[in-house]
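Participant: So here's model-v5.pdb, just PDB, C-alpha atoms and all ligand atoms:
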```pdb
ATOM      1  CA  MET Y 959      22.214 -20.825  23.206
ATOM      2  CA  LEU Y 960      22.715 -22.468  19.820
ATOM      3  CA  GLY Y 961      22.727 -20.415  16.647
ATOM      4  CA  LYS Y 962      20.914 -21.415  13.442
ATOM      5  CA  LYS Y 963      24.123 -22.898  12.041
ATOM      6  CA  ASP Y 964      24.435 -25.251  15.029
ATOM      7  CA  TYR Y 965      20.838 -26.390  14.596
ATOM      8  CA  ARG Y 966      21.670 -27.345  11.031
ATOM      9  CA  GLY Y 967      24.583 -29.496  12.181
ATOM     10  CA  PHE Y 968      22.353 -31.187  14.716
ATOM     11  CA  LEU Y 969      19.646 -31.843  12.122
ATOM     12  CA  ARG Y 970      22.147 -33.629   9.867
ATOM     13  CA  GLU Y 971      23.063 -36.214  12.488
ATOM     14  CA  PRO Y 972      21.562 -39.699  12.136
ATOM     15  CA  VAL Y 973      18.905 -40.750  14.620
ATOM     16  CA  ILE Y 974      20.034 -43.949  16.351
ATOM     17  CA  THR Y 975      17.150 -45.902  17.796
ATOM     18  CA  PRO Y 976      16.240 -49.428  18.952
ATOM     19  CA  ILE Y 977      13.892 -51.281  16.589
ATOM     20  CA  THR Y 978      12.276 -54.661  17.261
ATOM     21  CA  CYS Y 979      11.595 -56.898  14.256
ATOM     22  CA  LEU Y 980       8.014 -58.204  14.271
ATOM     23  CA  HIS Y 981       9.124 -61.256  12.294
ATOM     24  CA  CYS Y 982      11.890 -62.684  14.536
ATOM     25  CA  GLY Y 983      11.443 -60.548  17.656
ATOM     26  CA  ARG Y 984      15.089 -59.430  17.795
ATOM     27  CA  GLN Y 985      15.920 -55.874  18.790
ATOM     28  CA  TYR Y 986      18.899 -53.956  17.417
ATOM     29  CA  HIS Y 987      19.921 -50.323  17.130
ATOM     30  CA  TYR Y 988      19.560 -48.786  13.667
ATOM     31  CA  GLU Y 989      20.797 -45.507  12.225
ATOM     32  CA  LEU Y 990      18.042 -43.577  10.476
ATOM     33  CA  TYR Y 991      18.716 -40.806   7.985
ATOM     34  CA  ASP Y 992      15.326 -39.971   6.521
ATOM     35  CA  ILE Y 993      12.512 -39.141   8.913
ATOM     36  CA  ILE Y 994       9.508 -36.861   8.579
ATOM     37  CA  LEU Y 995       8.381 -35.579  11.957
ATOM     38  CA  ILE Y 996       4.861 -34.185  12.239
ATOM     39  CA  PRO Y 997       4.848 -31.593  15.017
ATOM     40  CA  GLU Y 998       1.042 -31.446  15.182
ATOM     41  CA  THR Y 999       0.557 -35.139  16.020
ATOM     42  CA  ARG Y1000       4.108 -35.722  17.378
ATOM     43  CA  ASP Y1001       4.228 -38.747  15.110
ATOM     44  CA  SER Y1002       7.064 -39.667  12.782
ATOM     45  CA  ILE Y1003       7.205 -41.288   9.376
ATOM     46  CA  ILE Y1004      10.364 -43.318   8.761
ATOM     47  CA  ILE Y1005      11.323 -43.166   5.083
ATOM     48  CA  ASP Y1006      14.489 -45.290   5.510
ATOM     49  CA  VAL Y1007      14.117 -48.933   4.509
ATOM     50  CA  VAL Y1008      14.926 -50.945   7.633
ATOM     51  CA  VAL Y1009      16.224 -54.463   7.034
ATOM     52  CA  CYS Y1010      16.320 -56.683  10.155
ATOM     53  CA  LYS Y1011      19.960 -57.352  11.075
ATOM     54  CA  HIS Y1012      19.023 -60.877  12.137
ATOM     55  CA  CYS Y1013      16.464 -62.287   9.680
ATOM     56  CA  GLY Y1014      16.552 -59.812   6.787
ATOM     57  CA  THR Y1015      12.830 -58.948   6.970
ATOM     58  CA  VAL Y1016      12.183 -55.557   5.366
ATOM     59  CA  ASP Y1017      10.151 -52.821   7.088
ATOM     60  CA  HIS Y1018       8.188 -54.975   9.490
ATOM     61  CA  TYR Y1019       8.926 -53.793  12.998
ATOM     62  CA  GLU Y1020       7.867 -52.092  16.143
ATOM     63  CA  LEU Y1021       9.319 -48.672  16.819
ATOM     64  CA  ASP Y1022      10.265 -48.554  20.464
ATOM     65  CA  SER Y1023       9.022 -45.476  22.295
ATOM     66  CA  GLU Y1024      12.628 -44.307  22.543
ATOM     67  CA  ILE Y1025      12.323 -42.769  19.097
ATOM     68  CA  SER Y1026       9.791 -40.217  20.390
ATOM     69  CA  ILE Y1027      12.303 -39.274  23.079
ATOM     70  CA  SER Y1028      15.132 -39.035  20.513
ATOM     71  CA  LEU Y1029      12.981 -36.701  18.426
ATOM     72  CA  LEU Y1030      11.920 -34.334  21.221
ATOM     73  CA  PRO Y1031      14.858 -31.962  20.585
ATOM     74  CA  HIS Y1032      13.811 -31.774  16.920
ATOM     75  CA  LEU Y1033      10.306 -30.703  17.948
ATOM     76  CA  TRP Y1034      11.929 -27.945  19.937
ATOM     77  CA  VAL Y1035      14.259 -26.876  17.109
ATOM     78  CA  PHE Y1036      11.690 -26.792  14.278
ATOM     79  CA  PRO Y1037       9.952 -23.531  15.282
ATOM     80  CA  ARG Y1038      13.408 -21.921  15.397
ATOM     81  CA  ILE Y1039      14.243 -22.836  11.791
ATOM     82  CA  LYS Y1040      10.810 -22.329  10.266
ATOM     83  CA  ASP Y1041      12.110 -19.703   7.818
ATOM     84  CA  LEU Y1042      14.393 -22.275   6.128
ATOM     85  CA  LYS Y1043      13.413 -23.253   2.601
ATOM     86  CA  ALA Y1044      12.874 -26.888   1.599
ATOM     87  CA  GLU Y1045      16.108 -26.947  -0.443
ATOM     88  CA  GLU Y1046      18.087 -25.811   2.616
ATOM     89  CA  MET Y1047      16.766 -28.857   4.489
ATOM     90  CA  HIS Y1048      17.588 -31.447   1.821
ATOM     91  CA  ASP Y1049      20.439 -33.017   3.818
ATOM     92  CA  PHE Y1050      18.646 -32.976   7.170
ATOM     93  CA  THR Y1051      17.947 -36.401   8.609
ATOM     94  CA  VAL Y1052      14.746 -35.165  10.241
ATOM     95  CA  VAL Y1053      12.451 -32.682   8.526
ATOM     96  CA  PRO Y1054       9.120 -31.246   9.662
ATOM     97  CA  GLY Y1055       6.081 -32.473   7.757
ATOM     98  CA  ASP Y1056       2.336 -32.608   7.769
ATOM     99  CA  VAL Y1057      -0.286 -35.290   7.270
ATOM    100  CA  ARG Y1058      -3.395 -35.320   5.135
ATOM    101  CA  PRO Y1059      -6.507 -35.217   7.323
ATOM    102  CA  ILE Y1060      -8.818 -38.236   7.139
ATOM    103  CA  ASP Y1061     -12.487 -37.468   7.789
ATOM    104  CA  GLY Y1062     -11.319 -33.995   8.816
ATOM    105  CA  LYS Y1063      -8.910 -35.270  11.468
ATOM    106  CA  LYS Y1064      -5.121 -35.465  11.428
ATOM    107  CA  MET Y1065      -4.189 -38.886  12.755
ATOM    108  CA  THR Y1066      -1.026 -40.667  13.834
ATOM    109  CA  ALA Y1067       0.083 -43.754  11.907
ATOM    110  CA  ARG Y1068      -1.426 -45.976  14.584
ATOM    111  CA  GLU Y1069      -4.768 -44.106  14.577
ATOM    112  CA  THR Y1070      -4.864 -44.324  10.783
ATOM    113  CA  VAL Y1071      -4.474 -48.116  10.943
ATOM    114  CA  GLU Y1072      -7.352 -48.315  13.459
ATOM    115  CA  TYR Y1073      -9.531 -46.062  11.314
ATOM    116  CA  TYR Y1074      -9.022 -48.198   8.196
ATOM    117  CA  GLU Y1075      -9.386 -51.456  10.124
ATOM    118  CA  GLY Y1076     -12.872 -50.208  11.052
ATOM    119  CA  LYS Y1077     -13.688 -49.220   7.453
ATOM    120  CA  PHE Y1078     -12.330 -52.497   6.094
ATOM    121  CA  SER Y1079     -14.396 -54.616   8.497
ATOM    122  CA  GLN Y1080     -17.544 -52.763   7.324
ATOM    123  CA  HIS Y1081     -16.624 -52.877   3.616
ATOM    124  CA  PRO Y1082     -14.337 -55.890   3.147
ATOM    125  CA  THR Y1083     -14.619 -55.924  -0.666
ATOM    126  CA  ASN Y1084     -14.132 -52.203  -1.324
ATOM    127  CA  PRO Y1085     -10.682 -51.669  -2.916
ATOM    128  CA  GLU Y1086     -10.622 -48.081  -1.640
ATOM    129  CA  TYR Y1087     -10.612 -49.214   1.996
ATOM    130  CA  ILE Y1088      -8.462 -52.275   1.363
ATOM    131  CA  ILE Y1089      -5.780 -50.017  -0.142
ATOM    132  CA  GLY Y1090      -6.295 -47.419   2.607
ATOM    133  CA  LEU Y1091      -5.645 -50.094   5.227
ATOM    134  CA  ALA Y1092      -2.691 -51.552   3.325
ATOM    135  CA  ASN Y1093      -1.085 -48.094   2.959
ATOM    136  CA  SER Y1094      -1.602 -47.302   6.627
ATOM    137  CA  LEU Y1095      -0.009 -50.625   7.618
ATOM    138  CA  ARG Y1096       2.911 -49.952   5.320
ATOM    139  CA  GLN Y1097       3.382 -46.527   6.839
ATOM    140  CA  ALA Y1098       3.155 -48.048  10.322
ATOM    141  CA  LYS Y1099       5.992 -50.387   9.234
ATOM    142  CA  ARG Y1100       3.940 -53.548   9.072
ATOM    143  CA  SER Y1101       4.849 -54.465   5.502
ATOM    144  CA  GLU Y1102       4.124 -58.176   5.942
ATOM    145  CA  ASP Y1103       0.531 -57.344   6.940
ATOM    146  CA  ALA Y1104       0.149 -54.834   4.099
ATOM    147  CA  GLU Y1105       1.282 -57.139   1.303
ATOM    148  CA  PRO Y1106      -1.650 -59.625   1.291
ATOM    149  CA  LEU Y1107      -4.085 -56.691   1.363
ATOM    150  CA  TYR Y1108      -2.671 -55.199  -1.839
ATOM    151  CA  LYS Y1109      -3.094 -58.626  -3.438
ATOM    152  CA  LEU Y1110      -6.659 -58.752  -2.116
ATOM    153  CA  ALA Y1111      -7.365 -55.315  -3.621
ATOM    154  CA  LEU Y1112      -6.330 -56.697  -7.025
ATOM    155  CA  GLN Y1113      -8.954 -59.428  -6.704
ATOM    156  CA  TYR Y1114     -11.644 -56.740  -6.622
ATOM    157  CA  ASP Y1115      -9.997 -54.322  -9.016
ATOM    158  CA  LYS Y1116      -7.470 -55.563 -11.581
ATOM    159  CA  LYS Y1117      -6.741 -51.939 -12.491
ATOM    160  CA  ALA Y1118      -5.818 -50.753  -8.971
ATOM    161  CA  LEU Y1119      -2.599 -48.950  -9.812
ATOM    162  CA  ASP Y1120      -1.767 -48.340  -6.147
ATOM    163  CA  ALA Y1121      -1.611 -52.087  -5.513
ATOM    164  CA  TYR Y1122       0.865 -52.808  -8.349
ATOM    165  CA  ILE Y1123       3.099 -49.886  -7.356
ATOM    166  CA  ASN Y1124       3.211 -50.788  -3.664
ATOM    167  CA  LEU Y1125       3.762 -54.508  -4.328
ATOM    168  CA  GLY Y1126       6.543 -53.609  -6.762
ATOM    169  CA  GLN Y1127       8.214 -51.248  -4.271
ATOM    170  CA  MET Y1128       8.065 -53.836  -1.505
ATOM    171  CA  ALA Y1129       9.495 -56.561  -3.751
ATOM    172  CA  GLN Y1130      12.263 -54.162  -4.817
ATOM    173  CA  ALA Y1131      13.104 -53.363  -1.171
ATOM    174  CA  ARG Y1132      13.418 -57.117  -0.515
ATOM    175  CA  ASN Y1133      15.647 -57.369  -3.587
ATOM    176  CA  HIS Y1134      13.124 -59.675  -5.314
ATOM    177  CA  LEU Y1135      13.796 -57.885  -8.549
ATOM    178  CA  LYS Y1136      11.991 -60.155 -10.996
ATOM    179  CA  GLU Y1137       8.822 -59.899  -8.935
ATOM    180  CA  ALA Y1138       9.264 -56.117  -8.711
ATOM    181  CA  TYR Y1139       9.766 -55.897 -12.482
ATOM    182  CA  ASN Y1140       6.558 -57.835 -13.139
ATOM    183  CA  TYR Y1141       4.513 -55.581 -10.847
ATOM    184  CA  PHE Y1142       6.032 -52.439 -12.384
ATOM    185  CA  ALA Y1143       5.305 -53.743 -15.885
ATOM    186  CA  GLU Y1144       1.653 -54.279 -14.829
ATOM    187  CA  ALA Y1145       1.532 -50.793 -13.314
ATOM    188  CA  TYR Y1146       2.854 -49.396 -16.574
ATOM    189  CA  GLN Y1147      -0.044 -51.007 -18.465
ATOM    190  CA  PHE Y1148      -2.512 -49.194 -16.226
ATOM    191  CA  LEU Y1149      -0.764 -45.843 -15.974
ATOM    192  CA  ASP Y1150      -3.380 -44.048 -18.072
ATOM    193  CA  LYS Y1151      -6.368 -46.369 -17.877
ATOM    194  CA  GLY Y1152      -6.038 -47.674 -14.314
ATOM    195  CA  ASN Y1153      -7.644 -46.567 -11.064
ATOM    196  CA  TYR Y1154      -5.777 -44.300  -8.664
ATOM    197  CA  TYR Y1155      -6.998 -44.627  -5.094
ATOM    198  CA  ARG Y1156      -4.476 -43.049  -2.747
ATOM    199  CA  ILE Y1157      -1.841 -41.630  -5.073
ATOM    200  CA  TYR Y1158      -2.047 -37.906  -4.414
ATOM    201  CA  GLN Y1159       1.226 -36.815  -5.995
ATOM    202  CA  GLU Y1160       1.099 -34.570  -8.995
ATOM    203  CA  LYS Y1161       0.926 -36.869 -12.062
ATOM    204  CA  ASP Y1162       4.310 -35.879 -13.563
ATOM    205  CA  ILE Y1163       6.128 -36.246 -10.240
ATOM    206  CA  PHE Y1164       4.504 -39.621  -9.614
ATOM    207  CA  LYS Y1165       5.282 -40.800 -13.138
ATOM    208  CA  THR Y1166       8.954 -39.769 -12.922
ATOM    209  CA  ALA Y1167       9.499 -41.519  -9.571
ATOM    210  CA  PHE Y1168       7.746 -44.648 -10.816
ATOM    211  CA  PHE Y1169       9.704 -44.729 -14.093
ATOM    212  CA  GLU Y1170      13.001 -44.318 -12.192
ATOM    213  CA  SER Y1171      12.239 -47.392 -10.073
ATOM    214  CA  PHE Y1172      11.067 -49.310 -13.149
ATOM    215  CA  VAL Y1173      14.322 -48.531 -14.994
ATOM    216  CA  ASP Y1174      16.516 -49.359 -11.955
ATOM    217  CA  VAL Y1175      14.954 -52.809 -11.707
ATOM    218  CA  ALA Y1176      14.983 -53.425 -15.474
ATOM    219  CA  ILE Y1177      18.684 -52.496 -15.784
ATOM    220  CA  ALA Y1178      19.610 -54.778 -12.867
ATOM    221  CA  LEU Y1179      17.793 -57.662 -14.603
ATOM    222  CA  ASP Y1180      18.792 -56.762 -18.143
ATOM    223  CA  GLU Y1181      15.089 -56.628 -19.040
ATOM    224  CA  PRO Y1182      13.578 -54.219 -21.559
ATOM    225  CA  VAL Y1183      11.721 -51.036 -20.654
ATOM    226  CA  PRO Y1184       9.257 -49.302 -22.963
ATOM    227  CA  LEU Y1185      10.813 -46.575 -25.105
ATOM    228  CA  GLU Y1186       8.329 -44.051 -23.717
ATOM    229  CA  VAL Y1187       9.797 -44.545 -20.227
ATOM    230  CA  MET Y1188      13.342 -43.730 -21.353
ATOM    231  CA  GLU Y1189      12.152 -40.765 -23.419
ATOM    232  CA  TRP Y1190      10.186 -39.389 -20.463
ATOM    233  CA  LEU Y1191      13.187 -39.624 -18.105
ATOM    234  CA  GLU Y1192      15.523 -38.029 -20.657
ATOM    235  CA  GLU Y1193      13.062 -35.177 -21.083
ATOM    236  CA  MET Y1194      12.818 -34.731 -17.306
ATOM    237  CA  GLU Y1195      16.613 -34.459 -17.057
ATOM    238  CA  ASP Y1196      16.728 -31.458 -19.403
TER     239      ASP Y1196
HETATM  240 ZN    ZN Y1201      13.976 -60.134  12.141
END
```
Take the structure from the file and write it as structure tokens.
Ligand SMILES: [Zn+2]

Facilitator:
Amino acid sequence: MLGKKDYRGFLREPVITPITCLHCGRQYHYELYDIILIPETRDSIIIDVVVCKHCGTVDHYELDSEISISLLPHLWVFPRIKDLKAEEMHDFTVVPGDVRPIDGKKMTARETVEYYEGKFSQHPTNPEYIIGLANSLRQAKRSEDAEPLYKLALQYDKKALDAYINLGQMAQARNHLKEAYNYFAEAYQFLDKGNYYRIYQEKDIFKTAFFESFVDVAIALDEPVPLEVMEWLEEMED
């Protein structure tokens, strides 16, 4: 019988799993360090950015079913560590999480894609559903399918903040920094007067995370950032 201490050691180990790139079709093993596992739906959200070892495509892959098998022990351990606080789990590679219900139902990533595909086919010009579908595809690790949808959303709503942020993040992950900078600069314009569709984070937390990415990209490119951004981050550090 393992004690709580041993569980902690186990939960810090990377999850090594086969992943098949949807762009080139090659399968390799990857080490993952940042996974949210949802006990209720037995689904997992991979936070790690996975770059194909063959073609360099970012976050566009099929998760082989082996990951569910690798995560079964975690499902078993979670009820035994449920009294741990969030800060005690900060260095765990797999943490328990929850999903926001859609239409009153908690769905897996795959079910969420199907749900929004249905909505999008009924309302193909509604930015709300276009962004919903794009987000669900991104979460299901189909970034190359999500990207054109964010651009489509901007055709119907130039102030769709979600679209600029997601396009910027994806460009940054691909190391297309100039493109990322341009999207972040657009997002900055619409921070107060834009439309938020699926950004549920508390405003200050969202703003801080966004500004950090904006500054990272700007510094790498030696581009300017608005003074307000630097002031905000300095204030947050205190
Ligand atoms: Zn590939």

Participant: Could you jot down the atom CA of Lys1043 of chain Y to atom CA of Phe1169 of chain Y separation for me, Å, one decimal place?

Facilitator: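 We find that atom CA of Lys1043 of chain Y and atom CA of Phe1169 of chain Y lie 27.5 Å from each other.
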
Participant: When the PyMOL selection byres (((chain Y and resi 1143-1157) around 7) and not hetatm) is applied to the file above, which residues end up in the set, as a PyMOL selection string?

Facilitator: chain Y and resi 1086+1117-1120+1122-1123+1139-1142+1158-1159

Participant: Produce a table with one row for each residue of chain Y that has an atom at most 12 Å from any atom of ligand ZN 1201 (chain Y), each row naming the nearest atom pair and its distance in Å at one decimal; use all atoms listed in the file; arrange rows by chain and rising residue number; format as CSV.

Facilitator:
```
residue,atom,partner,partner_atom,distance
Y:Ile977,CA,Y:ZN1201,ZN,9.9
Y:Thr978,CA,Y:ZN1201,ZN,7.7
Y:Cys979,CA,Y:ZN1201,ZN,4.5
Y:Leu980,CA,Y:ZN1201,ZN,6.6
Y:His981,CA,Y:ZN1201,ZN,5.0
Y:Cys982,CA,Y:ZN1201,ZN,4.1
Y:Gly983,CA,Y:ZN1201,ZN,6.1
Y:Arg984,CA,Y:ZN1201,ZN,5.8
Y:Gln985,CA,Y:ZN1201,ZN,8.1
Y:Tyr986,CA,Y:ZN1201,ZN,9.5
Y:Val1008,CA,Y:ZN1201,ZN,10.3
Y:Val1009,CA,Y:ZN1201,ZN,8.0
Y:Cys1010,CA,Y:ZN1201,ZN,4.6
Y:Lys1011,CA,Y:ZN1201,ZN,6.7
Y:His1012,CA,Y:ZN1201,ZN,5.1
Y:Cys1013,CA,Y:ZN1201,ZN,4.1
Y:Gly1014,CA,Y:ZN1201,ZN,6.0
Y:Thr1015,CA,Y:ZN1201,ZN,5.4
Y:Val1016,CA,Y:ZN1201,ZN,8.4
Y:Asp1017,CA,Y:ZN1201,ZN,9.7
Y:His1018,CA,Y:ZN1201,ZN,8.2
Y:Tyr1019,CA,Y:ZN1201,ZN,8.2
Y:Glu1020,CA,Y:ZN1201,ZN,10.9
Y:Glu1102,CA,Y:ZN1201,ZN,11.8
```

Participant: Please determine, counting all atoms listed in the file, which residue among Y:Leu969, Y:Pro976, Y:Asp1022, Y:Trp1034 has the shortest atom-to-atom distance to Glu1046 of chain Y.

Facilitator: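 Once distances to Glu1046 of chain Y are computed over all atoms listed in the file, the minimum belongs to Y:Leu969.
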
Participant: Could you tell me, as a list in words, which residues have any atom at most 9 Å from (9.5, -57.3, -10.6), counting only C-alpha atoms?

Facilitator: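 In the file's frame, the residues around the point are Leu1125, Gly1126, Gln1127, Ala1129, Gln1130, His1134, Leu1135, Lys1136, Glu1137, Ala1138, Tyr1139, Asn1140, Tyr1141, Phe1142, Ala1143, Phe1172, Val1175 and Ala1176 of chain Y.
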
Participant: Padding of 8 Å on every side, edges along x, y and z, all listed atoms of segment 1139-1147 of chain Y included: what centre and edge lengths in Å, to one decimal, does that box have, as JSON?

Facilitator:
```
{"center_x": 4.9, "center_y": -53.6, "center_z": -14.7, "size_x": 25.8, "size_y": 24.4, "size_z": 23.6}
```

Participant: For the structure shown, which residues end up in the PyMOL selection byres (((chain Y and resi 1083) around 12) and not hetatm)? Put them as a list in words, please?

Facilitator: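 Matching residues under the PyMOL selection byres (((chain Y and resi 1083) around 12) and not hetatm) are Lys1077, Phe1078, Ser1079, Gln1080, His1081, Pro1082, Asn1084, Pro1085, Glu1086, Tyr1087, Ile1088, Ile1089, Leu1107, Leu1110, Ala1111, Leu1112, Gln1113, Tyr1114 and Asp1115 of chain Y.
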
Participant: Rounded to one decimal, what separation in Å do you get between atom CA of Glu1045 of chain Y and atom CA of Arg966 of chain Y?

Facilitator: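 Separating atom CA of Glu1045 of chain Y from atom CA of Arg966 of chain Y is a distance of 12.8 Å.
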
Participant: Which polymer residues, whether protein, DNA or RNA, lie within 12 Å of the coordinate (14.2, -40.8, 20.3) when you count only C-alpha atoms? List them as an MDAnalysis selection string, using the chain letters and numbers from the file.

Facilitator: chainID Y and resid 972:977 987:990 993 995 1000:1002 1021:1033 1052
